[in-house]
file data-v3.txt (compact mmCIF, C-alpha atoms and all ligand atoms)
# COMPACT_ATOMS: atom_id res chain seq x y z
CA MET A 1 0.00 0.00 0.00
CA ALA A 2 1.42 3.37 -1.00
CA VAL A 3 2.15 5.69 1.87
CA LYS A 4 0.51 9.07 1.41
CA GLU A 5 2.97 11.93 1.64
CA LYS A 6 1.07 13.78 4.30
CA GLU A 7 1.16 10.78 6.62
CA ALA A 8 4.33 10.97 8.64
CA GLY A 9 5.96 7.56 8.78
CA LEU A 10 8.44 5.98 11.18
CA GLY A 11 9.62 3.31 8.75
CA SER A 12 8.55 -0.32 9.00
CA CYS A 13 7.08 -1.92 12.09
CA VAL A 14 9.65 -4.17 13.73
CA ILE A 15 6.91 -6.65 14.68
CA CYS A 16 4.67 -6.98 11.61
CA GLY A 17 6.64 -5.19 8.87
CA ARG A 18 3.84 -2.81 7.90
CA ALA A 19 4.42 0.94 7.65
CA ALA A 20 4.50 2.58 11.09
CA LEU A 21 2.41 5.70 10.43
CA LEU A 22 1.71 8.48 12.84
CA ALA A 23 -1.98 9.34 13.18
CA ARG A 24 -2.95 12.53 11.37
CA GLU A 25 -3.76 15.58 13.42
CA GLY A 26 -7.03 17.39 12.94
CA GLY A 27 -8.80 14.50 11.22
CA VAL A 28 -11.99 12.88 12.38
CA LEU A 29 -11.51 11.50 15.85
CA THR A 30 -11.83 7.75 15.55
CA MET A 31 -10.02 6.66 18.69
CA ILE A 32 -9.82 8.57 21.92
CA GLU A 33 -6.07 8.27 22.13
CA GLY A 34 -3.89 6.24 19.83
CA PRO A 35 -3.29 3.68 18.57
CA ASN A 36 -0.41 5.61 17.16
CA ALA A 37 2.90 4.31 15.87
CA CYS A 38 5.73 4.71 18.33
CA ARG A 39 9.48 4.72 18.26
CA LEU A 40 11.24 2.32 20.60
CA LYS A 41 14.26 3.29 22.68
CA ASP A 42 16.71 1.74 20.18
CA GLY A 43 15.24 3.73 17.26
CA ALA A 44 13.13 0.92 15.74
CA SER A 45 9.38 1.52 15.36
CA ILE A 46 6.12 -0.30 15.94
CA CYS A 47 2.93 0.46 14.03
CA GLY A 48 -0.39 1.59 15.48
CA SER A 49 -1.96 -1.87 15.26
CA CYS A 50 0.91 -3.43 17.19
CA VAL A 51 0.80 -0.60 19.76
CA ARG A 52 -2.91 -1.36 20.14
CA ARG A 53 -2.24 -5.07 20.65
CA LEU A 54 0.62 -4.62 23.15
CA ARG A 55 -1.10 -1.82 25.08
CA VAL A 56 -2.88 -4.28 27.38
CA MET A 57 0.54 -5.35 28.72
CA TYR A 58 1.89 -1.81 28.81
CA PRO A 59 -0.98 0.46 29.86
CA VAL A 60 -0.52 4.21 29.89
CA GLN A 61 0.73 5.14 33.36
CA TYR A 62 -0.65 8.21 35.01
CA ASN A 63 -0.54 10.35 38.11
CA PHE A 64 -3.27 12.69 39.18
CA ASP A 65 -2.19 16.20 40.11
CA GLU A 66 -4.69 17.23 42.83
CA ALA A 67 -3.83 20.91 42.68
CA LYS A 68 -4.29 21.28 38.94
CA ARG A 69 -6.93 18.52 38.71
CA THR A 70 -5.11 17.16 35.71
CA VAL A 71 -3.53 13.84 34.83
CA VAL A 72 0.12 13.45 33.93
CA LYS A 73 0.52 10.54 31.53
CA LYS A 74 3.52 8.42 30.67
CA ASP A 75 3.70 5.83 27.89
CA PRO A 76 5.90 2.83 28.79
CA LEU A 77 6.06 1.48 25.20
CA PRO A 78 8.83 3.84 23.94
CA GLU A 79 10.97 2.55 26.82
CA LEU A 80 11.11 -0.93 25.25
CA SER A 81 13.89 -2.25 23.03
CA THR A 82 13.16 -4.20 19.83
CA GLU A 83 13.90 -7.44 21.66
CA GLU A 84 11.50 -6.56 24.48
CA ALA A 85 8.77 -5.56 22.01
CA LEU A 86 9.12 -8.86 20.14
CA GLN A 87 9.06 -10.75 23.43
CA ALA A 88 5.90 -8.88 24.50
CA ASN A 89 4.31 -9.67 21.15
CA SER A 90 4.89 -13.39 21.69
CA GLU A 91 3.34 -13.23 25.18
CA VAL A 92 0.41 -10.90 24.63
CA VAL A 93 -2.26 -13.48 23.73
CA PRO A 94 -1.82 -15.64 26.87
CA PHE A 95 -1.38 -12.45 28.95
CA ARG A 96 -4.74 -11.16 27.74
CA GLU A 97 -6.45 -14.52 28.23
CA ASN A 98 -5.15 -14.75 31.82
CA LEU A 99 -6.47 -11.28 32.49
CA ARG A 100 -9.88 -12.18 31.06
CA GLU A 101 -9.95 -15.30 33.20
CA GLN A 102 -9.15 -13.26 36.33
CA TYR A 103 -12.21 -11.13 35.60
CA GLY A 104 -14.61 -13.96 34.86
CA PHE A 105 -14.20 -13.73 31.06
CA ARG A 106 -16.00 -10.39 30.84
CA ASN A 107 -15.62 -8.78 27.44
CA ALA A 108 -14.28 -5.51 28.81
CA VAL A 109 -13.24 -4.17 32.23
CA PHE A 110 -12.83 -0.55 33.32
CA VAL A 111 -11.24 0.39 36.67
CA VAL A 112 -12.72 3.44 38.40
CA ASP A 113 -10.47 6.20 39.62
CA ALA A 114 -12.99 8.90 40.55
CA MET A 115 -16.49 10.14 39.81
CA ALA A 116 -18.29 13.47 39.68
CA GLU A 117 -21.91 14.49 39.12
CA CYS A 118 -23.71 17.26 37.28
CA LYS A 119 -27.42 18.07 37.24
CA GLY A 120 -29.24 16.02 34.64
CA GLY A 121 -31.93 18.52 33.73
CA PHE A 122 -35.54 18.93 34.90
CA LEU A 123 -36.79 15.73 36.58
CA GLN A 124 -33.87 13.81 35.10
CA PRO A 125 -31.34 11.74 37.04
CA PRO A 126 -27.88 13.31 37.41
CA LEU A 127 -25.18 12.95 34.79
CA VAL A 128 -22.37 10.94 36.30
CA THR A 129 -18.87 11.17 34.86
CA ILE A 130 -16.66 8.28 35.86
CA PHE A 131 -12.92 8.69 35.35
CA GLY A 132 -10.66 5.68 35.09
CA GLN A 133 -8.71 3.34 32.86
CA VAL A 134 -9.74 0.49 30.60
CA LEU A 135 -7.95 -2.64 31.77
CA TYR A 136 -8.87 -4.66 28.69
CA GLY A 137 -11.46 -4.67 25.92
CA SER A 138 -13.24 -1.61 24.51
CA PHE A 139 -16.07 0.65 25.62
CA TYR A 140 -18.36 2.44 23.17
CA MET A 141 -21.20 4.89 23.39
CA GLN A 142 -24.55 3.11 23.99
CA ASP A 143 -22.85 0.13 25.61
CA GLU A 144 -24.84 -1.60 28.31
CA VAL A 145 -22.48 -1.94 31.27
CA THR A 146 -22.62 -3.25 34.81
CA ILE A 147 -21.17 -1.20 37.65
CA LEU A 148 -19.80 -3.38 40.43
CA SER A 149 -19.69 -1.39 43.66
CA ASN A 150 -20.07 -2.42 47.32
CA GLY A 151 -21.41 -5.83 46.35
CA ASN A 152 -24.08 -4.23 44.14
CA GLU A 153 -24.51 -4.68 40.41
CA ILE A 154 -26.01 -1.65 38.70
CA LYS A 155 -26.91 -1.74 35.01
CA ALA A 156 -26.35 1.46 33.03
CA THR A 157 -26.03 2.75 29.47
CA VAL A 158 -22.90 4.63 28.45
CA LEU A 159 -23.91 8.02 26.97
CA MET A 160 -20.41 9.22 26.18
CA VAL A 161 -16.88 7.85 26.07
CA ASP A 162 -13.93 10.19 25.79
CA SER A 163 -10.33 10.63 26.82
CA TYR A 164 -9.43 13.19 29.45
CA GLU A 165 -6.60 15.28 30.70
CA LEU A 166 -8.60 17.41 33.10
CA ARG A 167 -10.96 15.80 35.55
CA ILE A 168 -13.95 17.97 34.75
CA PRO A 169 -17.40 16.33 34.91
CA VAL A 170 -19.59 16.44 31.81
CA ASP A 171 -22.78 18.52 32.09
CA THR A 172 -25.85 18.36 29.86
CA THR A 173 -24.58 21.20 27.63
CA SER A 174 -21.19 19.64 27.01
CA LEU A 175 -22.78 16.21 26.42
CA LYS A 176 -25.04 17.74 23.74
CA GLU A 177 -22.11 19.59 22.17
CA TRP A 178 -19.97 16.46 22.18
CA THR A 179 -22.69 14.41 20.51
CA ARG A 180 -23.21 17.14 17.89
CA HIS A 181 -19.53 17.70 17.09
CA THR A 182 -18.24 14.17 17.17
CA ALA A 183 -18.67 12.99 13.59
CA ASP A 184 -19.30 9.39 14.51
CA PRO A 185 -19.65 9.00 18.29
CA GLY A 186 -19.99 5.24 17.84
CA ARG A 187 -16.39 5.10 16.73
CA VAL A 188 -15.02 6.91 19.75
CA VAL A 189 -13.85 4.16 21.99
CA GLY A 190 -12.27 3.67 25.37
CA GLU A 191 -9.68 1.04 24.73
CA ASN A 192 -7.51 -1.25 26.83
CA GLY A 193 -4.61 0.46 28.51
CA TYR A 194 -5.94 3.99 27.97
CA LEU A 195 -7.52 6.45 30.33
CA CYS A 196 -11.10 7.36 29.61
CA LYS A 197 -14.21 8.82 31.12
CA LEU A 198 -17.59 7.15 30.87
CA VAL A 199 -20.73 9.24 31.26
CA ILE A 200 -23.97 7.69 32.45
CA GLN A 201 -27.28 9.11 33.68
CA GLU A 202 -28.45 7.32 36.80
CA LYS A 203 -29.72 8.19 40.23
CA GLY A 204 -27.82 7.18 43.35
CA ILE A 205 -24.59 6.03 41.73
CA ALA A 206 -21.68 6.04 44.17
CA VAL A 207 -18.52 4.44 42.89
CA ASN A 208 -15.15 4.46 44.55
CA LYS A 209 -11.59 4.18 43.37
CA GLY A 210 -10.93 0.57 42.39
CA ASP A 211 -14.56 -0.33 41.60
CA LEU A 212 -15.13 -2.03 38.25
CA ILE A 213 -17.38 -1.30 35.31
CA VAL A 214 -17.74 -4.37 33.12
CA LYS A 215 -19.27 -5.39 29.83
CA ASP A 216 -20.47 -8.91 29.12
ZN ZN B 301 3.02 -3.66 13.47
call {"tool": "encode", "arguments": {"input": "data-v3.txt", "output": "structure tokens"}}
result
Amino acid sequence: MAVKEKEAGLGSCVICGRAALLAREGGVLTMIEGPNACRLKDGASICGSCVRRLRVMYPVQYNFDEAKRTVVKKDPLPELSTEEALQANSEVVPFRENLREQYGFRNAVFVVDAMAECKGGFLQPPLVTIFGQVLYGSFYMQDEVTILSNGNEIKATVLMVDSYELRIPVDTTSLKEWTRHTADPGRVVGENGYLCKLVIQEKGIAVNKGDLIVKD
């Protein structure tokens, strides 16, 4: 496949041999964050698809800055050598299967970090923004999920999935704007290893750090 000039490339992927292209800026948002090609510490590159596959073993690491209410992210993949990336690639399938087994073979698991509420509008339940990280699998808008908290299982529908840097809860206005401006909200996805926020509209939701949101 010919590489378009405007797509910046990092050469061939050391794992699969395909072109390691950097995602274009300013295009339609199809993925909340990545998968983007990355350069390894020894100068070799891996393509976006391989980044996506290995991400479950090397999730984005983050710290929350309380004062600025922002997250500081660090990507462990560029720290790998070619040898380590190839090794990870040979281990990723059993790694993922073990993880799925640990969580009862759910299709996707999200780990809660924090939550915040906004008014949901006249006679409507509040909008709840849940910040956290996808452990494995993918979350999409309109997904039916189960919130596991304090021994309770609460069913909910995901109204919005997005990445975040600032921990600002979504209100009804920004939810409407997001839905209007996101070309294809169904393609915006919270994917394994990445931080994301899930927005739901339910009464009496109280989740704590470490609680899980799962998809069957
Ligand atoms: Zn590749």
call {"tool": "residues_around", "arguments": {"input": "data-v3.txt", "residues": "Ser49 (chain A)", "least_positions_apart": "3", "cutoff": "12 Å", "atoms": "all atoms listed in the file", "output": "compact mmCIF listing (two decimals) with C-alpha atoms, in the frame of the given file"}}
result
# COMPACT_ATOMS: atom_id res chain seq x y z
CA CYS A 13 7.08 -1.92 12.09
CA VAL A 14 9.65 -4.17 13.73
CA ILE A 15 6.91 -6.65 14.68
CA CYS A 16 4.67 -6.98 11.61
CA GLY A 17 6.64 -5.19 8.87
CA ARG A 18 3.84 -2.81 7.90
CA ALA A 19 4.42 0.94 7.65
CA ALA A 20 4.50 2.58 11.09
CA LEU A 21 2.41 5.70 10.43
CA LEU A 22 1.71 8.48 12.84
CA ALA A 23 -1.98 9.34 13.18
CA GLY A 34 -3.89 6.24 19.83
CA PRO A 35 -3.29 3.68 18.57
CA ASN A 36 -0.41 5.61 17.16
CA ALA A 37 2.90 4.31 15.87
CA CYS A 38 5.73 4.71 18.33
CA SER A 45 9.38 1.52 15.36
CA ILE A 46 6.12 -0.30 15.94
CA ARG A 52 -2.91 -1.36 20.14
CA ARG A 53 -2.24 -5.07 20.65
CA LEU A 54 0.62 -4.62 23.15
CA ARG A 55 -1.10 -1.82 25.08
CA ASN A 89 4.31 -9.67 21.15
call {"tool": "residues_near_point", "arguments": {"input": "data-v3.txt", "point": "(-16.3, 2.1, 24.7)", "cutoff": "9 Å", "atoms": "only C-alpha atoms", "output": "PDB file with C-alpha atoms, keeping the file's coordinate frame"}}
result
ATOM      1  CA  ALA A 108     -14.280  -5.510  28.810  1.00  0.00           C
ATOM      2  CA  VAL A 134      -9.740   0.490  30.600  1.00  0.00           C
ATOM      3  CA  GLY A 137     -11.460  -4.670  25.920  1.00  0.00           C
ATOM      4  CA  SER A 138     -13.240  -1.610  24.510  1.00  0.00           C
ATOM      5  CA  PHE A 139     -16.070   0.650  25.620  1.00  0.00           C
ATOM      6  CA  TYR A 140     -18.360   2.440  23.170  1.00  0.00           C
ATOM      7  CA  MET A 141     -21.200   4.890  23.390  1.00  0.00           C
ATOM      8  CA  GLN A 142     -24.550   3.110  23.990  1.00  0.00           C
ATOM      9  CA  ASP A 143     -22.850   0.130  25.610  1.00  0.00           C
ATOM     10  CA  VAL A 158     -22.900   4.630  28.450  1.00  0.00           C
ATOM     11  CA  MET A 160     -20.410   9.220  26.180  1.00  0.00           C
ATOM     12  CA  VAL A 161     -16.880   7.850  26.070  1.00  0.00           C
ATOM     13  CA  ASP A 162     -13.930  10.190  25.790  1.00  0.00           C
ATOM     14  CA  GLY A 186     -19.990   5.240  17.840  1.00  0.00           C
ATOM     15  CA  ARG A 187     -16.390   5.100  16.730  1.00  0.00           C
ATOM     16  CA  VAL A 188     -15.020   6.910  19.750  1.00  0.00           C
ATOM     17  CA  VAL A 189     -13.850   4.160  21.990  1.00  0.00           C
ATOM     18  CA  GLY A 190     -12.270   3.670  25.370  1.00  0.00           C
ATOM     19  CA  GLU A 191      -9.680   1.040  24.730  1.00  0.00           C
ATOM     20  CA  CYS A 196     -11.100   7.360  29.610  1.00  0.00           C
ATOM     21  CA  LEU A 198     -17.590   7.150  30.870  1.00  0.00           C
TER      22      LEU A 198
END
call {"tool": "atom_distance", "arguments": {"input": "data-v3.txt", "atom1": "CA of Met57 (chain A)", "atom2": "CA of Val111 (chain A)"}}
result
15.3 Å
call {"tool": "closest_residue", "arguments": {"input": "data-v3.txt", "among": "A:Thr179, A:Asn150, A:Ser12, A:Thr173", "to": "Ala206 (chain A)", "atoms": "only C-alpha atoms"}}
result
A:Asn150
call {"tool": "atom_distance", "arguments": {"input": "data-v3.txt", "atom1": "CA of Gln102 (chain A)", "atom2": "CA of Asp75 (chain A)"}}
result
24.5 Å
call {"tool": "axis_aligned_box", "arguments": {"input": "data-v3.txt", "around": "region 205-209 of chain A", "padding_each_side": "4 Å", "output": "lines of an AutoDock Vina configuration file"}}
result
center_x = -18.1
center_y = 5.1
center_z = 43.1
size_x = 21.0
size_y = 9.9
size_z = 10.8
call {"tool": "residues_near_point", "arguments": {"input": "data-v3.txt", "point": "(-19.2, 5.9, 35.0)", "cutoff": "12 Å", "atoms": "all atoms listed in the file", "output": "PyMOL selection string"}}
result
chain A and resi 110-117+126-134+139+141+143-149+154-162+169-170+196-203+205-209+211-214
call {"tool": "atom_distance", "arguments": {"input": "data-v3.txt", "atom1": "CA of Leu195 (chain A)", "atom2": "CA of Asn107 (chain A)"}}
result
17.5 Å
call {"tool": "residues_around", "arguments": {"input": "data-v3.txt", "residues": "Val56 (chain A)", "least_positions_apart": "6", "cutoff": "7 Å", "atoms": "all atoms listed in the file", "output": "PyMOL selection string"}}
result
chain A and resi 135-136+192-193
call {"tool": "closest_residue", "arguments": {"input": "data-v3.txt", "among": "A:Arg106, A:Leu77, A:Gly43, A:Asn63", "to": "Asp216 (chain A)", "atoms": "only C-alpha atoms"}}
result
A:Arg106
call {"tool": "closest_residue", "arguments": {"input": "data-v3.txt", "among": "A:Glu153, A:Ala85, A:Lys41, A:Arg167", "to": "ligand ZN 301 (chain B)", "atoms": "only C-alpha atoms and all ligand atoms"}}
result
A:Ala85
call {"tool": "decode", "arguments": {"input": "data-v3.txt", "residues": "region 34-70 of chain A", "atoms": "N, CA and C atoms", "output": "compact mmCIF listing (two decimals), in the first residue's frame"}}
result
# COMPACT_ATOMS: atom_id res chain seq x y z
N GLY A 34 -4.52 7.35 20.50
CA GLY A 34 -3.89 6.24 19.83
C GLY A 34 -4.94 5.40 19.13
N PRO A 35 -4.64 4.23 18.55
CA PRO A 35 -3.29 3.68 18.57
C PRO A 35 -2.43 4.40 17.55
N ASN A 36 -1.30 4.87 18.01
CA ASN A 36 -0.41 5.61 17.16
C ASN A 36 0.91 4.85 17.10
N ALA A 37 1.60 4.96 15.96
CA ALA A 37 2.90 4.31 15.87
C ALA A 37 3.83 4.89 16.93
N CYS A 38 4.78 4.13 17.38
CA CYS A 38 5.73 4.71 18.33
C CYS A 38 7.15 4.23 18.06
N ARG A 39 8.08 5.06 18.43
CA ARG A 39 9.48 4.72 18.26
C ARG A 39 9.99 4.09 19.55
N LEU A 40 10.70 3.00 19.43
CA LEU A 40 11.24 2.32 20.60
C LEU A 40 12.56 2.98 21.01
N LYS A 41 13.07 2.58 22.17
CA LYS A 41 14.26 3.29 22.68
C LYS A 41 15.51 3.08 21.82
N ASP A 42 15.52 1.98 21.03
CA ASP A 42 16.71 1.74 20.18
C ASP A 42 16.50 2.29 18.76
N GLY A 43 15.44 3.07 18.55
CA GLY A 43 15.24 3.73 17.26
C GLY A 43 14.34 2.96 16.30
N ALA A 44 14.07 1.68 16.58
CA ALA A 44 13.13 0.92 15.74
C ALA A 44 11.70 1.41 16.03
N SER A 45 10.75 1.02 15.18
CA SER A 45 9.38 1.52 15.36
C SER A 45 8.37 0.38 15.40
N ILE A 46 7.25 0.63 16.04
CA ILE A 46 6.12 -0.30 15.94
C ILE A 46 4.90 0.47 15.45
N CYS A 47 4.08 -0.21 14.66
CA CYS A 47 2.93 0.46 14.03
C CYS A 47 1.77 0.58 15.02
N GLY A 48 0.77 1.35 14.63
CA GLY A 48 -0.39 1.59 15.48
C GLY A 48 -1.13 0.32 15.87
N SER A 49 -1.24 -0.63 14.94
CA SER A 49 -1.96 -1.87 15.26
C SER A 49 -1.20 -2.67 16.31
N CYS A 50 0.12 -2.69 16.20
CA CYS A 50 0.91 -3.43 17.19
C CYS A 50 0.90 -2.72 18.54
N VAL A 51 0.92 -1.37 18.51
CA VAL A 51 0.80 -0.60 19.76
C VAL A 51 -0.52 -0.98 20.43
N ARG A 52 -1.57 -1.05 19.63
CA ARG A 52 -2.91 -1.36 20.14
C ARG A 52 -2.93 -2.75 20.79
N ARG A 53 -2.25 -3.70 20.13
CA ARG A 53 -2.24 -5.07 20.65
C ARG A 53 -1.42 -5.18 21.94
N LEU A 54 -0.26 -4.50 21.98
CA LEU A 54 0.62 -4.62 23.15
C LEU A 54 0.17 -3.75 24.32
N ARG A 55 -0.72 -2.80 24.06
CA ARG A 55 -1.10 -1.82 25.08
C ARG A 55 -1.64 -2.48 26.35
N VAL A 56 -2.32 -3.61 26.20
CA VAL A 56 -2.88 -4.28 27.38
C VAL A 56 -1.78 -4.69 28.37
N MET A 57 -0.58 -5.00 27.84
CA MET A 57 0.54 -5.35 28.72
C MET A 57 1.27 -4.12 29.23
N TYR A 58 1.20 -3.06 28.45
CA TYR A 58 1.89 -1.81 28.81
C TYR A 58 0.91 -0.65 28.82
N PRO A 59 0.01 -0.63 29.81
CA PRO A 59 -0.98 0.46 29.86
C PRO A 59 -0.31 1.81 30.07
N VAL A 60 -0.99 2.85 29.62
CA VAL A 60 -0.52 4.21 29.89
C VAL A 60 -0.50 4.40 31.41
N GLN A 61 0.63 4.89 31.91
CA GLN A 61 0.73 5.14 33.36
C GLN A 61 0.35 6.59 33.61
N TYR A 62 -0.28 6.83 34.75
CA TYR A 62 -0.65 8.21 35.01
C TYR A 62 -0.63 8.54 36.49
N ASN A 63 -0.42 9.82 36.76
CA ASN A 63 -0.54 10.35 38.11
C ASN A 63 -1.53 11.48 38.06
N PHE A 64 -2.30 11.60 39.13
CA PHE A 64 -3.27 12.69 39.18
C PHE A 64 -2.70 13.83 40.01
N ASP A 65 -2.66 15.01 39.42
CA ASP A 65 -2.19 16.20 40.11
C ASP A 65 -3.40 16.88 40.76
N GLU A 66 -3.52 16.72 42.09
CA GLU A 66 -4.69 17.23 42.83
C GLU A 66 -4.86 18.73 42.66
N ALA A 67 -3.77 19.45 42.72
CA ALA A 67 -3.83 20.91 42.68
C ALA A 67 -4.38 21.40 41.34
N LYS A 68 -3.85 20.83 40.26
CA LYS A 68 -4.29 21.28 38.94
C LYS A 68 -5.47 20.48 38.41
N ARG A 69 -5.86 19.43 39.12
CA ARG A 69 -6.93 18.52 38.71
C ARG A 69 -6.70 17.96 37.31
N THR A 70 -5.45 17.67 37.03
CA THR A 70 -5.11 17.16 35.71
C THR A 70 -4.29 15.87 35.85
